[in-house]
file entry.cif (mmCIF, C-alpha atoms)
data_protein
#
loop_
_atom_site.label_atom_id
_atom_site.label_comp_id
_atom_site.auth_asym_id
_atom_site.auth_seq_id
_atom_site.Cartn_x
_atom_site.Cartn_y
_atom_site.Cartn_z
CA MET A 1 100.12 325.91 35.11
CA GLN A 2 102.89 324.27 33.10
CA HIS A 3 103.56 325.51 29.61
CA VAL A 4 105.80 326.09 26.64
CA SER A 5 106.50 329.54 25.30
CA ASP A 6 108.83 330.46 22.46
CA ALA A 7 108.72 333.48 20.18
CA THR A 8 107.11 333.03 16.78
CA GLU A 9 106.62 335.46 13.95
CA ARG A 10 103.27 334.99 12.26
CA LEU A 11 103.61 334.70 8.51
CA GLY A 12 100.24 335.78 7.08
CA ASN A 13 97.98 333.16 5.58
CA VAL A 14 96.41 333.30 2.13
CA THR A 15 93.57 330.83 1.62
CA GLY A 16 90.55 330.51 -0.61
CA ASP A 17 89.67 329.36 -4.10
CA ARG A 18 92.66 329.09 -6.40
CA GLN A 19 92.22 329.37 -10.16
CA GLY A 20 94.45 327.51 -12.55
CA PRO A 21 96.45 329.10 -15.35
CA PRO A 22 94.41 331.35 -17.68
CA GLY A 23 92.08 329.25 -19.82
CA GLY A 24 92.54 326.21 -17.61
CA PRO A 25 89.90 324.49 -15.45
CA PRO A 26 89.26 325.81 -11.93
CA ARG A 27 91.12 324.03 -9.15
CA ARG A 28 89.90 322.91 -5.75
CA ARG A 29 90.19 325.18 -2.72
CA ALA A 30 93.84 325.37 -1.81
CA GLY A 31 95.05 322.98 0.84
CA ARG A 32 98.15 325.02 1.51
CA ALA A 33 98.27 328.56 2.88
CA LEU A 34 101.03 330.72 1.50
CA LEU A 35 103.49 333.06 3.09
CA ALA A 36 102.60 336.74 3.44
CA ALA A 37 104.19 339.61 5.33
CA VAL A 38 105.80 339.02 8.70
CA SER A 39 103.63 340.43 11.45
CA ALA A 40 103.10 340.17 15.21
CA LEU A 41 104.78 337.94 17.78
CA ALA A 42 102.95 334.99 19.31
CA THR A 43 103.45 332.60 22.22
CA VAL A 44 104.26 329.00 21.17
CA ALA A 45 107.03 326.37 20.76
CA GLY A 46 108.08 323.59 18.27
CA PRO A 47 110.82 321.75 16.06
CA LEU A 48 112.15 321.30 12.44
CA ALA A 49 113.86 318.76 10.04
CA PRO A 50 116.20 318.10 6.89
CA PRO A 51 116.36 316.61 3.20
CA ALA A 52 117.98 313.51 1.51
CA HIS A 53 120.05 311.68 -1.12
CA ALA A 54 116.99 310.84 -3.18
CA ALA A 55 113.54 312.18 -2.52
CA PRO A 56 111.75 309.59 -0.34
CA ALA A 57 108.58 308.11 -1.72
CA ALA A 58 105.49 310.08 -0.72
CA PRO A 59 103.59 308.38 2.12
CA ALA A 60 100.36 309.35 0.41
CA THR A 61 99.31 310.98 -2.83
CA VAL A 62 97.80 314.35 -1.97
CA ALA A 63 97.21 316.92 -4.68
CA ARG A 64 98.94 320.29 -4.25
CA PRO A 65 97.05 323.37 -5.41
CA TRP A 66 98.24 325.31 -8.41
CA VAL A 67 100.06 328.46 -7.35
CA SER A 68 100.69 331.52 -9.46
CA PRO A 69 104.39 332.36 -10.07
CA ASP A 70 104.35 335.43 -7.80
CA ARG A 71 103.14 333.33 -4.90
CA LEU A 72 105.35 330.34 -5.68
CA LEU A 73 108.49 332.28 -4.78
CA ARG A 74 107.19 332.94 -1.31
CA THR A 75 106.12 329.32 -0.90
CA ASP A 76 109.61 328.18 -1.83
CA GLN A 77 111.00 330.59 0.75
CA VAL A 78 109.83 328.23 3.48
CA ARG A 79 111.87 325.38 2.01
CA ASP A 80 114.83 327.56 1.07
CA GLU A 81 115.21 329.01 4.56
CA GLN A 82 115.22 325.74 6.47
CA TRP A 83 118.85 326.23 7.38
CA GLN A 84 118.81 323.48 9.97
CA LEU A 85 118.57 320.85 7.23
CA GLU A 86 121.92 321.87 5.81
CA GLU A 87 123.42 322.27 9.28
CA LEU A 88 122.42 318.69 10.12
CA ARG A 89 123.43 317.36 6.66
CA ALA A 90 119.99 315.92 6.06
CA LYS A 91 120.52 315.00 2.41
CA THR A 92 123.48 312.84 3.36
CA ALA A 93 121.57 311.26 6.23
CA TRP A 94 118.69 310.36 3.93
CA ARG A 95 120.98 308.17 1.84
CA THR A 96 120.84 305.80 4.79
CA SER A 97 117.46 306.38 6.42
CA THR A 98 114.31 308.49 6.08
CA GLY A 99 112.57 307.19 9.20
CA ARG A 100 110.24 304.84 7.35
CA GLY A 101 108.27 302.52 9.63
CA VAL A 102 108.93 304.49 12.84
CA VAL A 103 106.15 306.08 14.91
CA VAL A 104 106.95 309.31 16.77
CA ALA A 105 104.48 310.49 19.40
CA VAL A 106 104.04 314.26 19.55
CA ILE A 107 102.60 315.02 22.99
CA ASP A 108 101.64 318.62 22.51
CA SER A 109 98.79 320.95 21.50
CA GLY A 110 97.52 318.49 18.89
CA VAL A 111 98.48 318.11 15.23
CA ASP A 112 96.61 319.32 12.15
CA GLY A 113 96.88 316.30 9.89
CA THR A 114 95.16 318.16 7.04
CA HIS A 115 98.07 320.55 6.57
CA PRO A 116 99.59 319.83 3.13
CA ASP A 117 102.99 319.21 4.69
CA LEU A 118 101.53 316.52 6.96
CA ALA A 119 98.76 314.95 4.86
CA GLY A 120 99.16 311.19 5.11
CA GLN A 121 101.75 311.45 7.88
CA VAL A 122 99.50 311.64 10.94
CA LEU A 123 97.95 308.62 12.66
CA PRO A 124 94.71 308.69 14.69
CA GLY A 125 95.56 310.14 18.08
CA LEU A 126 94.05 311.16 21.41
CA ASP A 127 92.74 314.46 22.79
CA LEU A 128 93.05 314.66 26.59
CA VAL A 129 91.91 318.29 26.74
CA THR A 130 88.61 318.21 24.84
CA PRO A 131 87.87 314.53 24.12
CA ASP A 132 84.92 315.53 21.94
CA GLY A 133 87.29 317.33 19.58
CA SER A 134 85.41 320.62 19.90
CA ASP A 135 88.64 322.66 19.84
CA GLY A 136 89.76 321.19 16.52
CA PRO A 137 92.95 319.19 15.91
CA ASP A 138 95.35 321.93 17.03
CA PRO A 139 94.00 325.30 18.22
CA VAL A 140 97.49 326.61 19.03
CA GLY A 141 99.62 325.41 16.11
CA HIS A 142 102.52 324.40 18.33
CA GLY A 143 102.09 320.66 17.89
CA THR A 144 101.65 321.02 14.13
CA THR A 145 104.95 322.90 13.98
CA VAL A 146 106.69 320.18 15.98
CA ALA A 147 105.22 317.42 13.82
CA GLY A 148 106.25 319.18 10.59
CA LEU A 149 109.83 319.50 11.75
CA ILE A 150 109.89 315.77 12.41
CA ALA A 151 107.97 314.35 9.46
CA GLY A 152 107.06 317.07 6.96
CA ARG A 153 106.48 315.52 3.53
CA ALA A 154 109.32 315.23 1.01
CA ASP A 155 107.35 314.64 -2.19
CA ASP A 156 107.78 318.16 -3.60
CA ASP A 157 110.01 321.20 -3.23
CA ARG A 158 107.69 323.41 -1.21
CA GLY A 159 106.79 323.89 2.44
CA VAL A 160 108.31 322.40 5.57
CA LEU A 161 110.39 319.27 5.15
CA GLY A 162 110.90 317.01 8.15
CA LEU A 163 114.21 315.52 9.21
CA ALA A 164 112.55 312.09 9.22
CA PRO A 165 110.10 312.60 6.31
CA ASP A 166 108.91 308.99 6.17
CA ALA A 167 108.18 308.64 9.89
CA LYS A 168 104.59 308.67 11.15
CA ILE A 169 103.25 311.06 13.77
CA LEU A 170 101.07 309.87 16.66
CA PRO A 171 99.44 313.01 18.13
CA VAL A 172 98.35 313.29 21.76
CA ARG A 173 96.85 316.62 22.78
CA VAL A 174 97.66 317.77 26.32
CA LEU A 175 98.08 321.55 25.89
CA ASP A 176 95.06 323.83 26.04
CA ALA A 177 94.25 326.83 23.85
CA GLU A 178 96.79 328.89 25.85
CA ASN A 179 99.55 326.34 25.20
CA ARG A 180 99.55 325.15 28.82
CA TYR A 181 98.64 322.12 30.90
CA ASP A 182 97.15 322.09 34.39
CA ASP A 183 98.66 318.95 35.87
CA ALA A 184 101.57 316.62 35.15
CA LEU A 185 99.19 313.68 35.47
CA ILE A 186 97.76 314.49 32.05
CA ILE A 187 101.27 314.24 30.57
CA ALA A 188 101.80 310.93 32.38
CA LYS A 189 98.59 309.58 30.90
CA ALA A 190 99.64 310.79 27.43
CA VAL A 191 103.07 309.12 27.64
CA ARG A 192 101.60 305.79 28.66
CA TRP A 193 98.87 305.93 26.00
CA ALA A 194 101.45 306.74 23.32
CA VAL A 195 103.67 303.84 24.40
CA ASP A 196 100.72 301.43 24.41
CA ASN A 197 99.71 302.60 20.93
CA GLY A 198 102.95 301.98 19.10
CA ALA A 199 105.21 304.99 19.70
CA GLN A 200 108.92 304.17 19.37
CA VAL A 201 110.00 307.75 20.03
CA VAL A 202 108.20 310.29 22.24
CA ASN A 203 108.69 314.05 21.85
CA LEU A 204 107.84 316.35 24.78
CA SER A 205 108.28 319.99 23.76
CA LEU A 206 106.88 321.18 27.08
CA GLY A 207 107.79 321.24 30.74
CA GLY A 208 107.42 322.75 34.16
CA GLY A 209 109.32 323.54 37.31
CA SER A 210 108.18 320.69 39.56
CA ASP A 211 109.05 317.00 39.49
CA ASN A 212 106.11 314.59 39.59
CA PRO A 213 106.13 310.93 40.68
CA ALA A 214 103.33 309.93 38.31
CA LEU A 215 105.10 311.41 35.30
CA ALA A 216 108.41 309.92 36.43
CA ALA A 217 106.72 306.50 36.60
CA ALA A 218 105.21 307.01 33.13
CA LEU A 219 108.66 307.79 31.73
CA ASP A 220 109.99 304.68 33.45
CA TYR A 221 107.11 302.80 31.79
CA ALA A 222 108.32 304.08 28.41
CA PHE A 223 111.95 303.13 29.06
CA ALA A 224 110.92 299.63 30.14
CA ARG A 225 109.04 299.23 26.87
CA ASP A 226 111.98 300.22 24.68
CA VAL A 227 110.92 303.78 23.82
CA VAL A 228 113.23 306.78 23.30
CA VAL A 229 112.02 309.92 25.10
CA VAL A 230 113.11 313.43 24.06
CA ALA A 231 112.25 316.70 25.86
CA CYS A 232 113.26 320.36 25.68
CA THR A 233 115.33 321.98 28.45
CA GLY A 234 113.09 325.06 28.57
CA ASN A 235 113.13 328.78 27.80
CA LEU A 236 114.34 331.60 30.01
CA ALA A 237 111.53 333.92 28.89
CA THR A 238 108.93 331.83 30.69
CA SER A 239 110.95 330.77 33.74
CA THR A 240 111.91 332.53 36.94
CA THR A 241 114.90 330.23 37.48
CA THR A 242 117.53 328.73 35.22
CA GLU A 243 116.76 325.15 36.23
CA VAL A 244 116.24 322.69 33.39
CA TRP A 245 112.52 321.96 32.98
CA TYR A 246 110.89 318.73 34.01
CA PRO A 247 110.55 316.15 32.43
CA ALA A 248 113.78 316.97 30.54
CA ARG A 249 115.79 316.56 33.75
CA GLU A 250 114.43 313.08 34.45
CA PRO A 251 117.29 310.52 34.16
CA GLY A 252 117.02 308.62 30.89
CA VAL A 253 115.43 311.47 28.90
CA LEU A 254 117.32 313.15 26.05
CA ALA A 255 117.23 316.77 27.27
CA VAL A 256 117.75 319.17 24.34
CA ALA A 257 119.05 322.76 24.55
CA GLY A 258 118.82 325.27 21.68
CA LEU A 259 121.50 326.76 19.42
CA GLU A 260 121.63 330.07 17.56
CA ARG A 261 121.23 330.11 13.80
CA THR A 262 124.33 329.30 11.72
CA SER A 263 126.56 329.28 14.74
CA GLU A 264 127.84 327.04 17.48
CA ASN A 265 126.62 329.40 20.17
CA LEU A 266 123.93 328.54 22.68
CA TRP A 267 120.69 330.40 21.99
CA SER A 268 120.45 333.25 24.48
CA GLY A 269 116.93 332.18 25.46
CA SER A 270 117.79 328.55 26.13
CA ILE A 271 117.85 327.11 29.62
CA THR A 272 120.72 324.71 30.09
CA GLY A 273 122.45 322.93 32.94
CA HIS A 274 124.18 319.72 33.98
CA GLU A 275 121.12 317.69 32.89
CA THR A 276 121.51 318.91 29.28
CA VAL A 277 122.26 315.98 26.97
CA LEU A 278 122.23 317.32 23.38
CA SER A 279 121.89 320.59 21.46
CA ALA A 280 120.07 321.37 18.21
CA PRO A 281 119.08 324.40 16.07
CA ALA A 282 116.46 326.54 17.81
CA THR A 283 116.21 329.92 16.06
CA GLY A 284 115.12 331.27 12.68
CA LEU A 285 113.13 328.12 11.91
CA TYR A 286 110.11 328.02 9.61
CA GLY A 287 107.28 325.85 10.87
CA ALA A 288 103.93 324.59 9.61
CA ARG A 289 100.83 325.77 11.43
CA PRO A 290 97.14 325.27 10.65
CA GLU A 291 96.47 327.03 7.35
CA GLY A 292 99.93 328.51 7.01
CA TYR A 293 103.46 328.95 8.32
CA TRP A 294 105.38 330.98 10.84
CA ARG A 295 108.94 331.62 11.90
CA VAL A 296 109.70 330.12 15.31
CA GLN A 297 112.42 329.90 17.90
CA GLY A 298 112.81 328.00 21.15
CA THR A 299 114.04 324.77 22.69
CA SER A 300 110.62 323.29 21.86
CA PHE A 301 111.74 323.31 18.24
CA ALA A 302 115.21 321.95 18.94
CA ALA A 303 113.82 318.83 20.66
CA PRO A 304 111.96 317.52 17.55
CA LEU A 305 115.19 317.55 15.56
CA VAL A 306 116.65 315.12 18.07
CA ALA A 307 113.43 313.06 18.08
CA ALA A 308 113.61 312.92 14.27
CA THR A 309 117.24 311.77 14.46
CA ALA A 310 116.20 309.01 16.84
CA ALA A 311 113.54 307.99 14.29
CA LEU A 312 116.16 307.85 11.53
CA VAL A 313 118.33 305.58 13.69
CA ARG A 314 115.44 303.33 14.70
CA ALA A 315 114.49 302.89 11.04
CA ARG A 316 118.08 302.10 10.08
CA TYR A 317 118.56 299.66 12.96
CA PRO A 318 115.07 298.23 13.67
CA LYS A 319 116.37 295.67 16.17
CA MET A 320 118.46 298.17 18.14
CA SER A 321 117.26 298.83 21.68
CA ALA A 322 116.16 302.29 22.77
CA GLY A 323 119.10 302.43 25.16
CA ASP A 324 121.55 301.79 22.33
CA VAL A 325 119.81 304.43 20.21
CA VAL A 326 120.31 306.95 23.01
CA ASN A 327 123.93 305.89 23.39
CA ARG A 328 124.51 306.22 19.65
CA LEU A 329 123.09 309.77 19.62
CA ILE A 330 125.24 311.00 22.50
CA THR A 331 128.38 309.16 21.37
CA THR A 332 128.27 310.60 17.86
CA ALA A 333 127.24 314.17 18.76
CA ARG A 334 129.51 316.95 17.46
CA ASP A 335 131.33 318.27 20.49
CA LEU A 336 130.80 321.96 21.25
CA GLY A 337 132.36 324.12 23.95
CA PRO A 338 134.75 322.43 26.41
CA THR A 339 135.93 318.96 25.43
CA GLY A 340 133.43 316.30 26.40
CA ARG A 341 130.05 316.76 28.02
CA ASP A 342 129.47 320.16 29.58
CA ASP A 343 126.61 322.05 31.21
CA ARG A 344 125.94 324.30 28.21
CA PHE A 345 125.82 321.97 25.21
CA GLY A 346 125.66 318.55 26.82
CA TYR A 347 127.46 316.11 24.53
CA GLY A 348 127.14 318.61 21.68
CA LEU A 349 125.16 319.11 18.46
CA VAL A 350 123.12 316.10 17.39
CA ASP A 351 124.68 314.59 14.24
CA PRO A 352 122.25 312.45 12.18
CA VAL A 353 124.89 311.33 9.67
CA ALA A 354 127.32 310.11 12.30
CA ALA A 355 124.51 308.53 14.32
CA LEU A 356 123.51 306.50 11.26
CA THR A 357 126.94 305.49 10.02
CA ALA A 358 129.46 305.45 12.88
CA ASP A 359 130.70 302.22 14.42
CA VAL A 360 129.29 302.37 17.94
CA PRO A 361 129.53 299.28 20.18
CA ALA A 362 126.28 298.13 21.79
CA VAL A 363 125.87 298.91 25.48
CA GLY A 364 122.53 297.21 26.10
CA HIS A 365 121.16 299.92 28.37
CA ASN A 366 120.29 303.62 28.47
CA PRO A 367 123.47 305.36 29.70
CA LEU A 368 121.42 308.36 30.87
CA ASP A 369 119.15 306.34 33.14
CA ASP A 370 120.09 305.87 36.78
CA ASN A 371 117.84 302.79 36.86
CA GLY A 372 116.21 304.10 40.02
CA SER A 373 112.55 303.37 39.35
CA PRO A 374 110.32 306.11 40.81
CA GLY A 375 107.23 303.93 40.48
CA VAL A 376 105.91 300.57 39.37
CA VAL A 377 107.03 299.62 35.88
CA GLY A 378 104.55 296.85 35.25
CA PHE A 379 101.18 298.47 35.82
CA GLY A 380 98.42 297.92 33.27
CA PRO A 381 97.61 299.52 29.92
CA ALA A 382 97.40 303.28 29.61
CA PRO A 383 93.88 304.73 29.77
CA GLY A 384 92.74 305.63 26.27
CA ASP A 385 88.98 305.70 26.76
CA THR A 386 87.30 308.73 25.26
CA ARG A 387 85.63 309.24 28.61
CA ASP A 388 88.97 310.37 30.02
CA THR A 389 88.70 314.04 30.82
CA ARG A 390 90.99 316.79 31.95
CA ALA A 391 89.42 316.64 35.40
CA ALA A 392 90.18 312.95 35.63
CA ALA A 393 93.78 313.58 34.64
CA ALA A 394 93.96 316.17 37.39
CA GLY A 395 93.25 313.54 40.04
CA ARG A 396 89.46 313.50 40.32
CA GLY A 397 89.03 309.86 39.43
CA GLY A 398 91.54 309.30 36.61
CA ASP A 399 95.04 308.90 38.08
CA PRO A 400 96.86 306.57 35.64
CA LEU A 401 98.65 305.00 38.63
CA GLY A 402 95.41 304.35 40.49
CA ARG A 403 96.38 306.59 43.39
CA SER A 404 95.53 310.06 44.59
CA SER A 405 97.34 313.13 43.30
CA GLU A 406 96.94 314.92 46.64
CA GLY A 407 100.18 316.43 47.82
CA TRP A 408 101.35 317.61 44.39
CA ASN A 409 100.20 320.89 42.91
CA ALA A 410 100.89 322.05 39.37
CA ARG A 411 102.86 325.28 39.30
CA PRO A 412 103.93 327.69 36.55
CA ALA A 413 106.99 326.51 34.64
CA GLY A 414 110.19 327.61 36.28
CA GLN A 415 108.61 328.99 39.43
CA THR A 416 109.90 328.00 42.82
CA ASP A 417 108.00 325.47 44.88
CA ALA A 418 105.58 327.49 47.02
CA SER A 419 105.32 324.61 49.46
CA ALA A 420 108.90 325.27 50.65
CA PRO A 421 107.83 327.89 53.27
CA GLU A 422 105.35 325.40 54.67
CA ARG A 423 108.11 322.85 55.15
CA LEU A 424 110.29 325.52 56.75
CA TRP A 425 107.66 326.49 59.34
CA THR A 426 106.96 322.85 60.09
CA GLY A 427 110.65 322.25 60.68
CA LEU A 428 110.96 325.28 62.95
CA ALA A 429 107.98 324.14 64.99
CA LEU A 430 109.52 320.72 65.49
CA PHE A 431 112.84 322.29 66.43
CA VAL A 432 111.22 324.57 69.02
CA ALA A 433 109.31 321.64 70.48
CA LEU A 434 112.51 319.60 70.72
CA VAL A 435 114.42 322.40 72.44
CA THR A 436 111.57 323.05 74.89
CA GLY A 437 111.30 319.36 75.74
CA THR A 438 115.03 319.09 76.31
CA ALA A 439 115.00 322.12 78.61
CA LEU A 440 112.17 320.67 80.69
CA MET A 441 114.00 317.37 81.04
CA VAL A 442 117.20 319.11 82.20
CA ARG A 443 115.25 321.20 84.71
CA ARG A 444 113.50 318.14 86.12
CA PHE A 445 116.80 316.25 86.37
CA ARG A 446 118.36 319.09 88.33
CA GLN A 447 115.38 319.24 90.72
CA THR A 448 115.56 315.51 91.46
CA ARG A 449 119.30 315.76 92.29
CA ARG A 450 118.55 318.37 94.93
#
call {"tool": "encode", "arguments": {"input": "entry.cif", "output": "structure tokens"}}
result
Amino acid sequence: MQHVSDATERLGNVTGDRQGPPGGPPRRRAGRALLAAVSALATVAGPLAPPAHAAPAAPATVARPWVSPDRLLRTDQVRDEQWQLEELRAKTAWRTSTGRGVVVAVIDSGVDGTHPDLAGQVLPGLDLVTPDGSDGPDPVGHGTTVAGLIAGRADDDRGVLGLAPDAKILPVRVLDAENRYDDALIIAKAVRWAVDNGAQVVNLSLGGGSDNPALAAALDYAFARDVVVVACTGNLATSTTTEVWYPAREPGVLAVAGLERTSENLWSGSITGHETVLSAPATGLYGARPEGYWRVQGTSFAAPLVAATAALVRARYPKMSAGDVVNRLITTARDLGPTGRDDRFGYGLVDPVAALTADVPAVGHNPLDDNGSPGVVGFGPAPGDTRDTRAAAAGRGGDPLGRSSEGWNARPAGQTDASAPERLWTGLALFVALVTGTALMVRRFRQTRR
């Protein structure tokens, strides 16, 4: 099983019929759940985003429920404590771009498009776990958190505000009710479907320990079609090694590690390594979830901030290639740690303002990609039929590459490849056979000389 797992503090939900001010007419059932006391920890992962020069126009007019003054303070707390927006100088960035016209695919646990912070922001998507939609839009809340950090609405002063508030979210559900996926083939299918359905940026706040040719080919498919791909480096709490998760370590992907709150220190729970490309805030973040909010931490929530920055750049420079967008993000990052790129912070903290305004020469290619295609770039359209099922994605008739998935087994994120001992015994057997054969040949040669 592959998965994502970051700590989240549940912030209690308050829903139900809201009444207007005394003497006023009754209001509709509230569309926004409000903050209550902090309670238990939960398993999940996701991202966050910042504000602008002038409030961007609302993508859709959605009425907000009336809230009594005692509750309003707690609602504002969500907005007030989004420290990452100030850290990334979102208001300044928004003077140049708010992400309008850019589609960001959130390949995750689904997205609740009815959440007040996301109403009007979410496009029709695809559910590869339960195609009939029986689980609802997001049974986990992880994908909703990620989407809110990217494109939370900016038409009022409450709730989660995305770093690219005018971008659109294209949701693709691949994570089950336990926030996991069984096989990398389902992620490969999701990437290709998202690319074929208009995504200009793809966010993957998930990962596992094993490489996969089908997913590598799907990522190559995205690169060839001018799409920026962002993924998290992973979390130590759910890994038995410190190796950067896959697909973040695939060449060409913007692999994002997490930073501590209000500091330039790496988050203690973040996996990092030589594949790390950028860093972003990962702790003490408030995120939207179905019918409420919660406080989250993890590299899953750092990645969306980089995806949102890519959306800002793509909106500002609509004719710029994905490779040049990637180059602009890494060239303008705020250097942390040792001078230049390093194994802890990569090129440094993503800097939306510099990425939007700096003079960066065009390079015409993705500087992170080794251009070594792991598969065929030009295969047909991604499967988007509602008949696609999880079993098909797992190799029983639905391989997006048209080939069998035999020989690759999904394993828990961060675990070592259990097939290694099998290769070792096979090698030893061949070695013994070779030595035995050589000894017999020498013995026969000696006998003939006598």
call {"tool": "closest_residue", "arguments": {"input": "entry.cif", "among": "A:Val353, A:Val160, A:Ala199, A:Val229", "to": "Glu81 of chain A", "atoms": "all atoms listed in the file"}}
result
A:Val160
call {"tool": "resolve_selection", "arguments": {"input": "entry.cif", "expression": "the PyMOL selection byres ((chain A and resi 265) around 12)", "output": "JSON, numbers by chain"}}
result
{"A": [257, 258, 259, 260, 261, 262, 263, 264, 266, 267, 268, 269, 270, 279, 280, 281, 282, 283, 336, 337, 344, 345, 348, 349]}
call {"tool": "write_last_selection", "arguments": {"input": "entry.cif", "atoms": "C-alpha atoms", "output": "PDB file, keeping the file's coordinate frame"}}
result
ATOM      1  CA  ALA A 257     119.050 322.760  24.550  1.00  0.00           C
ATOM      2  CA  GLY A 258     118.820 325.270  21.680  1.00  0.00           C
ATOM      3  CA  LEU A 259     121.500 326.760  19.420  1.00  0.00           C
ATOM      4  CA  GLU A 260     121.630 330.070  17.560  1.00  0.00           C
ATOM      5  CA  ARG A 261     121.230 330.110  13.800  1.00  0.00           C
ATOM      6  CA  THR A 262     124.330 329.300  11.720  1.00  0.00           C
ATOM      7  CA  SER A 263     126.560 329.280  14.740  1.00  0.00           C
ATOM      8  CA  GLU A 264     127.840 327.040  17.480  1.00  0.00           C
ATOM      9  CA  LEU A 266     123.930 328.540  22.680  1.00  0.00           C
ATOM     10  CA  TRP A 267     120.690 330.400  21.990  1.00  0.00           C
ATOM     11  CA  SER A 268     120.450 333.250  24.480  1.00  0.00           C
ATOM     12  CA  GLY A 269     116.930 332.180  25.460  1.00  0.00           C
ATOM     13  CA  SER A 270     117.790 328.550  26.130  1.00  0.00           C
ATOM     14  CA  SER A 279     121.890 320.590  21.460  1.00  0.00           C
ATOM     15  CA  ALA A 280     120.070 321.370  18.210  1.00  0.00           C
ATOM     16  CA  PRO A 281     119.080 324.400  16.070  1.00  0.00           C
ATOM     17  CA  ALA A 282     116.460 326.540  17.810  1.00  0.00           C
ATOM     18  CA  THR A 283     116.210 329.920  16.060  1.00  0.00           C
ATOM     19  CA  LEU A 336     130.800 321.960  21.250  1.00  0.00           C
ATOM     20  CA  GLY A 337     132.360 324.120  23.950  1.00  0.00           C
ATOM     21  CA  ARG A 344     125.940 324.300  28.210  1.00  0.00           C
ATOM     22  CA  PHE A 345     125.820 321.970  25.210  1.00  0.00           C
ATOM     23  CA  GLY A 348     127.140 318.610  21.680  1.00  0.00           C
ATOM     24  CA  LEU A 349     125.160 319.110  18.460  1.00  0.00           C
TER      25      LEU A 349
END
call {"tool": "atom_distance", "arguments": {"input": "entry.cif", "atom1": "atom CA of Arg289 of chain A", "atom2": "atom CA of Leu204 of chain A"}}
result
17.8 Å
call {"tool": "closest_residue", "arguments": {"input": "entry.cif", "among": "A:Ala333, A:Ala237, A:Leu219, A:Val350", "to": "Asp369 of chain A", "atoms": "only C-alpha atoms"}}
result
A:Leu219
call {"tool": "closest_residue", "arguments": {"input": "entry.cif", "among": "A:Gly323, A:Pro247, A:Gly101, A:Gly287", "to": "Leu118 of chain A", "atoms": "only C-alpha atoms"}}
result
A:Gly287
call {"tool": "atom_distance", "arguments": {"input": "entry.cif", "atom1": "atom CA of Val244 of chain A", "atom2": "atom CA of Glu86 of chain A"}}
result
28.2 Å
call {"tool": "closest_residue", "arguments": {"input": "entry.cif", "among": "A:Leu368, A:Ala358, A:Val227, A:Ala311", "to": "Ala248 of chain A", "atoms": "only C-alpha atoms"}}
result
A:Leu368
call {"tool": "residues_around", "arguments": {"input": "entry.cif", "residues": "Met320 of chain A", "least_positions_apart": "5", "cutoff": "10 Å", "atoms": "all atoms listed in the file", "output": "PDB file with C-alpha atoms, in the coordinates of the input"}}
result
ATOM      1  CA  ASP A 226     111.980 300.220  24.680  1.00  0.00           C
ATOM      2  CA  VAL A 313     118.330 305.580  13.690  1.00  0.00           C
ATOM      3  CA  ARG A 314     115.440 303.330  14.700  1.00  0.00           C
ATOM      4  CA  ALA A 315     114.490 302.890  11.040  1.00  0.00           C
ATOM      5  CA  VAL A 325     119.810 304.430  20.210  1.00  0.00           C
ATOM      6  CA  ALA A 362     126.280 298.130  21.790  1.00  0.00           C
ATOM      7  CA  GLY A 364     122.530 297.210  26.100  1.00  0.00           C
TER       8      GLY A 364
END
call {"tool": "atom_distance", "arguments": {"input": "entry.cif", "atom1": "atom CA of Asp6 of chain A", "atom2": "atom CA of Phe301 of chain A"}}
result
8.8 Å
call {"tool": "resolve_selection", "arguments": {"input": "entry.cif", "expression": "the PyMOL selection byres ((chain A and resi 138) around 8)", "output": "ChimeraX atom specification"}}
result
/A:109-112,135-137,139-144,173,290
call {"tool": "closest_residue", "arguments": {"input": "entry.cif", "among": "A:Glu87, A:Asp127, A:Asp183, A:Asp132", "to": "Leu305 of chain A", "atoms": "only C-alpha atoms"}}
result
A:Glu87
call {"tool": "closest_residue", "arguments": {"input": "entry.cif", "among": "A:Val202, A:Leu185, A:Leu278, A:Val104", "to": "Arg341 of chain A", "atoms": "only C-alpha atoms"}}
result
A:Leu278
call {"tool": "resolve_selection", "arguments": {"input": "entry.cif", "expression": "the PyMOL selection byres ((chain A and resi 235) around 9)", "output": "ChimeraX atom specification"}}
result
/A:4-6,232-234,236-239,242,244-245,269-272,298-300
